[in-house]
Amino acid sequence: MKTSSPENILKSNAIDPSVRNLTPEQVSKDVAAFTKLLNSKARESKLQTFLASHSYFFSGMIDPYAPSPLYSKVKLGHDYEVDFAWLYYDSFGPEWRLIEIENPNTSLFTKSGNASFALNHAIQQARDWAAWVHDHPGYAKTLMPTISYPFCYIFMGRRKDLTPRDIEKLKRYRYDHRKELEIHTLDWFVRHAQNFGRYVGPEGPTWQLPKKARTHKELKNGLPEEVLKWVDGERSQRMAEHRIDQRTMRFHHQNEPPFGQPEVD
């Protein structure tokens, strides 16, 4: 059975020229520009605009060789707006990832060591997104096909502002919420963009992810054809593997020797 893998789809689709033209020098400039925004305590909207134009800053979590693009400012009905979203495929199948971006000067913890109002609010917002998906399954799956249990990421504050006690608290918070979300400081983007820059070859990146995120309107118009083929291909492959496993189990069950008798070699 033929299926559409990310590798095959990559070969059949042109690489975004703005991605192909990236160089380690340009990545360094982009990292410096984003770091400057963080140091100036830029508003969330400015960080959103920058990241939406530099998708490779997400390289630590998005598979760049998969055909699914990054989407910016995705609206969940009239109730919520997700900063970024994309369809991810792991061993459990396709599922959506949702991201909340907060300001760099937002504190994660109070001076007394408790979670700040902003952190608790961000966690609750991520839970509200998941609840909205469960409360509006029809509309949710029309907008984001296959969505059922989205996983969320929260980015807020700076690592340099965390005390050793805060870091230990953050580790515990991430552990306690590991099934539904991850919490990171905004410095995460800097580190992963820098890592990306170290592996840019002389011919530039060859990944399929466009440099610029797509819009809510584009998502509402439907996923790209190559993404639908990718998802259907992966599903078909998994169903075929499952059927083979079932037939194998039935064969072995039907041909098991009576209890107490050795199997014939």
# chains A, B, ... in the order shown; residues from 1 in each chain; ligands from 1

call {"tool": "residues_around", "arguments": {"residues": "segment 140-153 of chain A", "least_positions_apart": "6", "cutoff": "9 Å", "atoms": "only C-alpha atoms", "output": "NGL selection string"}}
result
:A and (76-77 or 86-87 or 94-101 or 126-127 or 129-130 or 132-134 or 179-184 or 219-223)

call {"tool": "atom_distance", "arguments": {"atom1": "atom CA of Ala193 of chain A", "atom2": "atom CA of Phe34 of chain A"}}
result
10.0 Å

call {"tool": "closest_atom_pairs", "arguments": {"of": "segment 167-236 of chain A", "to": "segment 61-67 of chain A", "cutoff": "9 Å", "atoms": "only C-alpha atoms", "output": "Markdown table"}}
result
| residue | atom | partner | partner_atom | distance |
| --- | --- | --- | --- | --- |
| A:Thr206 | CA | A:Tyr65 | CA | 8.3 |
| A:Trp207 | CA | A:Tyr65 | CA | 5.1 |
| A:Gln208 | CA | A:Tyr65 | CA | 5.3 |
| A:Leu209 | CA | A:Pro64 | CA | 5.3 |
| A:Pro210 | CA | A:Pro64 | CA | 8.9 |
| A:Pro224 | CA | A:Pro67 | CA | 8.6 |
| A:Glu226 | CA | A:Pro67 | CA | 6.6 |
| A:Val227 | CA | A:Pro67 | CA | 5.6 |
| A:Trp230 | CA | A:Pro67 | CA | 7.5 |

call {"tool": "select_by_dssp", "arguments": {"residues": "segment 7-192 of chain A", "states": "strand (DSSP E)", "output": "PyMOL selection string"}}
result
chain A and resi 71-76+80-90+93-101+151-155+181-184

call {"tool": "residues_around", "arguments": {"residues": "Gln125 of chain A", "least_positions_apart": "6", "cutoff": "10 Å", "atoms": "only C-alpha atoms", "output": "ChimeraX atom specification"}}
result
/A:80,82,100,119,131,152,154

call {"tool": "closest_residue", "arguments": {"among": "A:Ala118, A:Leu47, A:Val74, A:Leu38", "to": "Arg159 of chain A", "atoms": "only C-alpha atoms"}}
result
A:Leu38

call {"tool": "closest_residue", "arguments": {"among": "A:Lys41, A:His192, A:Arg198, A:His121", "to": "Thr23 of chain A", "atoms": "only C-alpha atoms"}}
result
A:Arg198

call {"tool": "closest_residue", "arguments": {"among": "A:Asn39, A:Leu70, A:Gln48, A:Ser59", "to": "Tyr199 of chain A", "atoms": "only C-alpha atoms"}}
result
A:Ser59

call {"tool": "closest_residue", "arguments": {"among": "A:Phe50, A:Phe58, A:Tyr71, A:Phe92", "to": "Glu218 of chain A", "atoms": "only C-alpha atoms"}}
result
A:Tyr71

call {"tool": "residues_around", "arguments": {"residues": "Ala42 of chain A", "least_positions_apart": "4", "cutoff": "9 Å", "atoms": "only C-alpha atoms", "output": "NGL selection string"}}
result
:A and (36-38 or 46-47 or 103-105)

call {"tool": "write_last_selection", "arguments": {"atoms": "C-alpha atoms", "output": "CSV table (one decimal), in the first residue's frame"}}
result
chain,number,residue,atom,x,y,z
A,36,LYS,CA,16.6,43.0,21.7
A,37,LEU,CA,12.8,42.7,21.8
A,38,LEU,CA,13.0,40.6,25.0
A,46,LYS,CA,5.5,42.6,18.9
A,47,LEU,CA,6.8,39.1,19.9
A,103,ASN,CA,5.2,39.4,27.8
A,104,PRO,CA,8.9,39.0,28.7
A,105,ASN,CA,8.5,41.1,31.9

call {"tool": "closest_residue", "arguments": {"among": "A:Val200, A:Ala33, A:Ala115, A:Ala213", "to": "Arg172 of chain A", "atoms": "only C-alpha atoms"}}
result
A:Ala115

call {"tool": "closest_residue", "arguments": {"among": "A:Gln194, A:Ser53, A:Ser91, A:Asn21", "to": "Thr35 of chain A", "atoms": "only C-alpha atoms"}}
result
A:Gln194

call {"tool": "atom_distance", "arguments": {"atom1": "atom CA of Thr49 of chain A", "atom2": "atom CA of Phe155 of chain A"}}
result
14.9 Å
